[in-house]
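Everything on this sheet refers to the single structure shown next.
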Amino acid sequence: MEKLGAPQTHLGLKNMIKEVDEDFDGKLSFREFLLIFRRAAAGELQEESGLMALARLSEINVSTEGVMGAKDFFEAKVQALSQGSKFEAEIREEKEERKKQEVEKKERQAAFKQLQSAFYS
């Protein structure tokens, strides 16, 4: 946070974590970290909050961080983007699987009703 130009006290950092800590474990998971950026994009963060400063981090100054720092920064961004797309793909797969199971259930019910009607006719 100091490098972002928004230094925080220990309590300030704890409050920032509480703001996005969905599972109340006092730590930021990757999902909770992404939540910071989602809330910033939705305009749900206060302009002066430390989380907004973190969300604004979109570039790095190579002259101050060095080439290795920039390399690490951009590799982390690429990895975060690929992780996000993996999560989206998993969610899509789960939805498709649920739809498939629903269709199969309806087909089984229809086949049962058809078989049942054969016994009652």
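Chain lettering (A, B, ...) mirrors the order of the structure tokens, residue numbering begins at 1 for each chain separately, and ligand numbering begins at 1 in order of display.
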Give me, as a ChimeraX atom specification, all polymer residues having an atom no more than 9 Å from Ser49 in chain A, counting only C-alpha atoms and skipping those fewer than 4 positions away in the same chain. /A:6,16,45,53-54
Now that the selection is made, can you save its residues with C-alpha atoms as a PDB file, in the first residue's frame?
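Saved result, again-v6.pdb, follows:
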ATOM      1  CA  ALA A   6      -1.782   4.993   0.068  1.00  0.00           C
ATOM      2  CA  MET A  16      -9.833  -3.074   4.266  1.00  0.00           C
ATOM      3  CA  LEU A  45     -15.845   1.680  -3.205  1.00  0.00           C
ATOM      4  CA  ALA A  53      -6.142   2.807  -4.457  1.00  0.00           C
ATOM      5  CA  LEU A  54      -5.419  -0.890  -4.826  1.00  0.00           C
TER       6      LEU A  54
END
DSSP on the backbone, alpha helix (DSSP H) only: what residues of range 5-35 of chain A does that give? Format it as a PyMOL selection string. chain A and resi 10-20+30-35
